[in-house]
Amino acid sequence: MKKLLTGWRALPVTSRIGIGIVAFLGLLAIFGPWLAPYDPTVRSGAPFARPSAEHWLGTDDSGRDLLSLVIVGARPSLLVGVLAAVVATGIGTAVGLAAGYLRGATDTVLMRLVDIIMSLPVVPLTLVIGVLTGPGLWTQAFVIAIALWAPMARELRSQVLSVRERDFIQGLRSMGARNGYVLTQHVLPTVAPLLVPQLVLAVQTAIMLEASLAFLGLGDINTMSWGMILATANQRSAFLTDAWLWWVVPPGALIALTVLGFALAGGAMERSAGLSAQVRSRARKKPQILAQSPGDNVEHRSAAEESAPETLLEISGLSVRYGDTESGVGGCTAVDLRLGRGQILGLVGESGSGKSTVAAAIISLLPGAGTVHEGRIVLAGRNLLELSENERRALRGGQIGLVPQEAQSALNPVQRIGSQLIEAIRGHSTVDKVAARQRVLELLALVGLPAEKFLAYPHQLSGGQRQRVVIAMALAGDPVLLLADEPTSGLDVLVQEEILDLLTKLREQLGLSIIIVTHDLPVVAQVADQVAVMRAGLVVEQGEVCTVFNRPQHPYTQTLLASLPGIEQLQGATP
């Protein structure tokens with residue numbers, strides 16, 4: 001209660017007024033039939049009686065008490081408005097999420113439908129649909145919802161397009177999370193604060209449209225809403241006498257007051273939704289802190305796996321282009337790479353050289369404009385380019401783990417570290433929450449983090465700790481191949497050293513094969529066995545680190561090495 005009072009006092013005066021109006025109208029709609037002084041369906045006075053002590057707003061042409069009609073009319077008016085707004089928001093949200101996240105043909109079809117709906121004038125559209133379906137309360141709600149959902153879908157789609165490209169969403173996809181799970185558990189909560197003003201605007205518009213439709217004859221004559229009161233007054237020639245002052249003005253004023261109330265309350269609702277999204281967390285019991293050594297839960301590879309061919313990953317003739325035509329630019333051309341089991345490959349080159357494109361192609365997370373034109377990517381004997389989408393999804397976060405470049409943006413800022421790790425674990429296994437929580441503690445120990453970090457939020461960790469967390473998430477599915485995209489970017493020198501040491505230790509403990517995508521040659525010199533140098537989408541040179549760094553053959557590699565200070569330390573380096 002104290003928190004509610006504090007939050008109430010923190011609101012602007014206008015927001016308090018708006019909330020008060022909405023609360024008053026809501027109570028009026030709920031308790032109206034018991035508050036009305038007379039039964040609004042029967043005659044209680046003389047026709048066209050002026051306001052008096054008995055009838056505060058007078059009577060209509062049938063002698064019904066107008067105050068009672070106005071009070072009872074609050075329920076159907078608000079019911080239609082709120083119901084239509086909720087339905088329209090639900091449809092618009094579903095369409096916006098699907099179009100913005102799934103893209104491709106789904107986006108094209110849904111957005112063309114939105115264009116058609118938005119090209120039609122609202123009132124004529126509602127009239128046509130209303131005439132076809134017939135008058136009535138539910139008809140009004142349906143018609144209004146059909147007219148209002150399209151603008152919401154268009155605006156929400158643009159926001160989802162932005163959220164879809166955030167690193168923590170890409171991280172979820174890299175772990176093999178299904179589209180439905182990502183949409184409902186992460187994308188929707190992220191854009192939820194944007195739905196509040198949409199809903200408020202829809203309520204305002206829906207209430208106005210309800211009054212308009214009722215006035216035009218599409219209302220339910222058996223349910224006297226405020227719009228129907230206005231329609232009846234017009235039909236009974238109230239405007240030709242002084243009766244319009246007490247017959248027309250009160251319901252019209254209440255419609256205006258309702259719209260004003262929702263508009264003023266909208267700011268407070270939006271602010272509250274935004275704050276709740278920022279502090280939202282899942283309540284969990286504090287896990288028991290267990291003393292573990294990093295190697296306590298290292299699973300031994302099976303004998304069959306140990307006897308597998310030496311080559312784990314082989315890329316041959318891979319060409320990726322960005323664009324809709326064969327002449328699309330960027331990407332990579334005829335890339336050939338080989339990675340043995342337990343080896344670390346450094347993929348280096350300047351920005352735009354295509355190294356990130358190769359990594360994205362391996363994990364099947366190319367941007368929408370990127371397409372594989374030709375080539376093969378064979379992991380443990382399987383050509384990844386021939387797999388179905390479900391098979392690729394199972395592979396991501398399972399056999400292939402991804403360590404994204406920016407750990408801060410790769411983690412969901414409103415979920416605890418433990419929750420995100422549990423999510424990664426349960427995405428590829430059927431373990432219960434207790435077992436998943438235990439596995440999280442083991443992963444934290446494996447990457448050198450204390451168990452207390454289970455309950456921490458990303459902003460409560462240092463850059464190096466966040467990097468360890470995303471490494472733990474990449475290991476959650478027990479992968480055989482780890483893709484590390486600039487794993488030391490933005491970290492100070494000492495923390496970089498710690499992360500590189502951790503990757504080397506994990507390679508030795510778990511038998512991992514690792515591809516490090518970087519432009520930092522000292523990183524490659526320190527940890528890699530093999531190096532591949534890329535420029536303009538081509539692999540210009542590859543081989544053992546010592547050989548390439550000591551005796552570079554390609555002019556670009558020579559220039560790259562010569563541009564670094566302290567090159568004499570790199571040449572002759574051994575991983």
# chains A, B, ... in the order shown; residues from 1 in each chain; ligands from 1
$ residues_around --residues "A:Leu441" --least-positions-apart "2" --cutoff "8 Å" --atoms "only C-alpha atoms" --output "number ranges by chain"
A: 290, 437-439, 443-445, 451, 454
$ closest_atom_pairs --of "stretch 413-506 of chain A" --to "stretch 347-354 of chain A" --cutoff "12 Å" --atoms "only C-alpha atoms" --output "Markdown table"
| residue | atom | partner | partner_atom | distance |
| --- | --- | --- | --- | --- |
| A:Leu483 | CA | A:Leu347 | CA | 10.4 |
| A:Ala484 | CA | A:Leu347 | CA | 10.0 |
| A:Asp485 | CA | A:Leu347 | CA | 9.5 |
| A:Glu486 | CA | A:Val348 | CA | 10.0 |
$ residues_around --residues "stretch 113-119 of chain A" --least-positions-apart "4" --cutoff "10 Å" --atoms "only C-alpha atoms" --output "list in words"
Gly92, Val95, Gly96, Asp107, Thr108, Val109, Leu125, Ile146, Ala147, Leu148, Trp149, Ala150, Pro151, Met152, Ala153 and Arg154 of chain A
$ atom_distance --atom1 "atom CA of A:Gly317" --atom2 "atom CA of A:Ala394"
24.7 Å
$ closest_residue --among "A:Gly331, A:Pro197, A:Pro121, A:Gly104" --to "A:Ala263" --atoms "only C-alpha atoms"
A:Pro197
$ atom_distance --atom1 "atom CA of A:Gly45" --atom2 "atom CA of A:Leu57"
11.6 Å
$ closest_residue --among "A:Leu345, A:Val431, A:Val80, A:Leu188" --to "A:Thr518" --atoms "only C-alpha atoms"
A:Leu345
$ atom_distance --atom1 "atom CA of A:Leu512" --atom2 "atom CA of A:Gly171"
19.4 Å
$ residues_around --residues "A:Ser513" --least-positions-apart "3" --cutoff "7 Å" --atoms "only C-alpha atoms" --output "number ranges by chain"
A: 341-344, 480-482, 507
$ residues_around --residues "stretch 401-414 of chain A" --least-positions-apart "6" --cutoff "8 Å" --atoms "only C-alpha atoms" --output "PyMOL selection string"
chain A and resi 166-171+174-175+277-281+420+457-459+463+466-467+470-471+474-475+477+479-489
$ closest_residue --among "A:Ser419, A:Thr559, A:Ser62, A:Thr232" --to "A:Arg535" --atoms "only C-alpha atoms"
A:Thr559
$ residues_around --residues "stretch 367-384 of chain A" --least-positions-apart "3" --cutoff "8 Å" --atoms "only C-alpha atoms" --output "number ranges by chain"
A: 103-104, 311-324, 331, 334, 361-362, 387, 392
$ closest_residue --among "A:Gly330, A:Gly217, A:Gly90, A:Gly58" --to "A:Ala231" --atoms "only C-alpha atoms"
A:Gly217
$ select_by_dssp --residues "stretch 322-468 of chain A" --states "strand (DSSP E or B)" --output "ChimeraX atom specification"
/A:322,329-340,344-349,370-379,382-383,396,400-403
$ write_last_selection --atoms "N, CA, C and O atoms" --output "short mmCIF file (atom, residue, chain, number, x, y, z; two decimals), in the first residue's frame"
data_model
loop_
_atom_site.label_atom_id
_atom_site.label_comp_id
_atom_site.auth_asym_id
_atom_site.auth_seq_id
_atom_site.Cartn_x
_atom_site.Cartn_y
_atom_site.Cartn_z
N TYR A 322 24.75 -10.82 -50.55
CA TYR A 322 23.68 -10.01 -49.97
C TYR A 322 22.94 -9.31 -51.10
O TYR A 322 23.51 -8.53 -51.86
N VAL A 329 26.07 -8.02 -53.74
CA VAL A 329 27.43 -7.67 -53.31
C VAL A 329 27.67 -8.15 -51.89
O VAL A 329 26.76 -8.53 -51.16
N GLY A 330 28.97 -8.08 -51.48
CA GLY A 330 29.34 -8.42 -50.12
C GLY A 330 29.39 -9.92 -49.91
O GLY A 330 29.36 -10.72 -50.83
N GLY A 331 29.46 -10.33 -48.63
CA GLY A 331 29.48 -11.74 -48.30
C GLY A 331 30.86 -12.35 -48.47
O GLY A 331 31.87 -11.76 -48.09
N CYS A 332 30.91 -13.54 -49.04
CA CYS A 332 32.17 -14.25 -49.23
C CYS A 332 32.11 -15.06 -50.51
O CYS A 332 31.03 -15.35 -51.03
N THR A 333 33.27 -15.43 -51.02
CA THR A 333 33.35 -16.12 -52.30
C THR A 333 34.30 -17.31 -52.21
O THR A 333 35.46 -17.15 -51.80
N ALA A 334 33.78 -18.48 -52.57
CA ALA A 334 34.58 -19.70 -52.69
C ALA A 334 35.50 -19.93 -51.49
O ALA A 334 36.69 -20.17 -51.63
N VAL A 335 34.91 -19.88 -50.29
CA VAL A 335 35.69 -20.06 -49.07
C VAL A 335 35.91 -21.54 -48.81
O VAL A 335 34.97 -22.34 -48.83
N ASP A 336 37.17 -21.91 -48.55
CA ASP A 336 37.53 -23.27 -48.17
C ASP A 336 38.22 -23.21 -46.80
O ASP A 336 39.23 -22.52 -46.65
N LEU A 337 37.67 -23.93 -45.83
CA LEU A 337 38.27 -23.98 -44.50
C LEU A 337 38.17 -25.39 -43.95
O LEU A 337 37.24 -26.14 -44.29
N ARG A 338 39.09 -25.72 -43.07
CA ARG A 338 39.05 -27.02 -42.41
C ARG A 338 39.43 -26.84 -40.94
O ARG A 338 40.39 -26.12 -40.62
N LEU A 339 38.68 -27.50 -40.07
CA LEU A 339 38.94 -27.41 -38.63
C LEU A 339 38.95 -28.82 -38.05
O LEU A 339 37.97 -29.57 -38.16
N GLY A 340 40.05 -29.18 -37.41
CA GLY A 340 40.14 -30.50 -36.79
C GLY A 340 39.55 -30.50 -35.40
O GLY A 340 39.35 -29.46 -34.77
N ILE A 344 41.80 -24.87 -32.51
CA ILE A 344 41.29 -23.51 -32.52
C ILE A 344 41.73 -22.85 -33.81
O ILE A 344 42.92 -22.83 -34.14
N LEU A 345 40.76 -22.32 -34.56
CA LEU A 345 41.02 -21.63 -35.82
C LEU A 345 40.75 -20.15 -35.65
O LEU A 345 39.66 -19.76 -35.20
N GLY A 346 41.72 -19.33 -35.98
CA GLY A 346 41.51 -17.89 -35.96
C GLY A 346 41.13 -17.40 -37.34
O GLY A 346 41.87 -17.59 -38.31
N LEU A 347 39.96 -16.77 -37.45
CA LEU A 347 39.48 -16.22 -38.72
C LEU A 347 39.65 -14.70 -38.65
O LEU A 347 38.93 -14.02 -37.91
N VAL A 348 40.62 -14.16 -39.36
CA VAL A 348 41.00 -12.76 -39.21
C VAL A 348 40.80 -12.00 -40.51
O VAL A 348 40.70 -12.59 -41.59
N GLY A 349 40.78 -10.69 -40.39
CA GLY A 349 40.62 -9.82 -41.55
C GLY A 349 40.05 -8.49 -41.12
O GLY A 349 39.55 -8.33 -40.00
N GLY A 370 20.92 -12.05 -46.89
CA GLY A 370 22.04 -12.93 -47.21
C GLY A 370 21.57 -14.30 -47.65
O GLY A 370 20.69 -14.91 -47.04
N THR A 371 22.14 -14.81 -48.72
CA THR A 371 21.81 -16.14 -49.23
C THR A 371 23.08 -16.88 -49.60
O THR A 371 24.05 -16.29 -50.09
N VAL A 372 23.06 -18.20 -49.38
CA VAL A 372 24.18 -19.05 -49.80
C VAL A 372 23.95 -19.44 -51.25
O VAL A 372 22.97 -20.11 -51.58
N HIS A 373 24.87 -19.03 -52.12
CA HIS A 373 24.73 -19.34 -53.54
C HIS A 373 25.26 -20.72 -53.88
O HIS A 373 24.71 -21.42 -54.75
N GLU A 374 26.34 -21.12 -53.24
CA GLU A 374 26.88 -22.44 -53.51
C GLU A 374 27.84 -22.81 -52.39
O GLU A 374 28.22 -21.99 -51.57
N GLY A 375 28.23 -24.07 -52.39
CA GLY A 375 29.20 -24.54 -51.42
C GLY A 375 28.64 -25.58 -50.47
O GLY A 375 27.46 -25.96 -50.53
N ARG A 376 29.51 -26.05 -49.58
CA ARG A 376 29.16 -27.07 -48.59
C ARG A 376 29.74 -26.67 -47.24
O ARG A 376 30.85 -26.14 -47.15
N ILE A 377 28.97 -26.93 -46.19
CA ILE A 377 29.45 -26.77 -44.82
C ILE A 377 29.17 -28.10 -44.12
O ILE A 377 28.02 -28.40 -43.78
N VAL A 378 30.20 -28.88 -43.93
CA VAL A 378 30.04 -30.24 -43.40
C VAL A 378 30.55 -30.26 -41.96
O VAL A 378 31.72 -30.00 -41.69
N LEU A 379 29.65 -30.58 -41.02
CA LEU A 379 30.00 -30.71 -39.61
C LEU A 379 29.78 -32.15 -39.18
O LEU A 379 28.66 -32.66 -39.24
N ARG A 382 27.86 -34.18 -41.68
CA ARG A 382 26.54 -33.71 -42.13
C ARG A 382 26.70 -32.38 -42.85
O ARG A 382 27.30 -31.44 -42.32
N ASN A 383 26.11 -32.28 -44.03
CA ASN A 383 26.11 -31.02 -44.77
C ASN A 383 25.02 -30.13 -44.19
O ASN A 383 23.82 -30.37 -44.37
N ARG A 396 21.76 -25.50 -33.57
CA ARG A 396 22.17 -24.27 -32.90
C ARG A 396 21.95 -24.40 -31.40
O ARG A 396 20.87 -24.74 -30.94
N ILE A 400 26.49 -26.76 -31.97
CA ILE A 400 27.22 -25.52 -32.23
C ILE A 400 26.80 -24.47 -31.20
O ILE A 400 25.62 -24.16 -31.06
N GLY A 401 27.79 -23.95 -30.48
CA GLY A 401 27.53 -22.88 -29.52
C GLY A 401 28.10 -21.56 -30.05
O GLY A 401 29.13 -21.55 -30.72
N LEU A 402 27.42 -20.47 -29.75
CA LEU A 402 27.85 -19.15 -30.22
C LEU A 402 28.15 -18.24 -29.05
O LEU A 402 27.34 -18.09 -28.14
N VAL A 403 29.33 -17.63 -29.08
CA VAL A 403 29.70 -16.59 -28.12
C VAL A 403 29.63 -15.26 -28.87
O VAL A 403 30.51 -14.96 -29.68
#
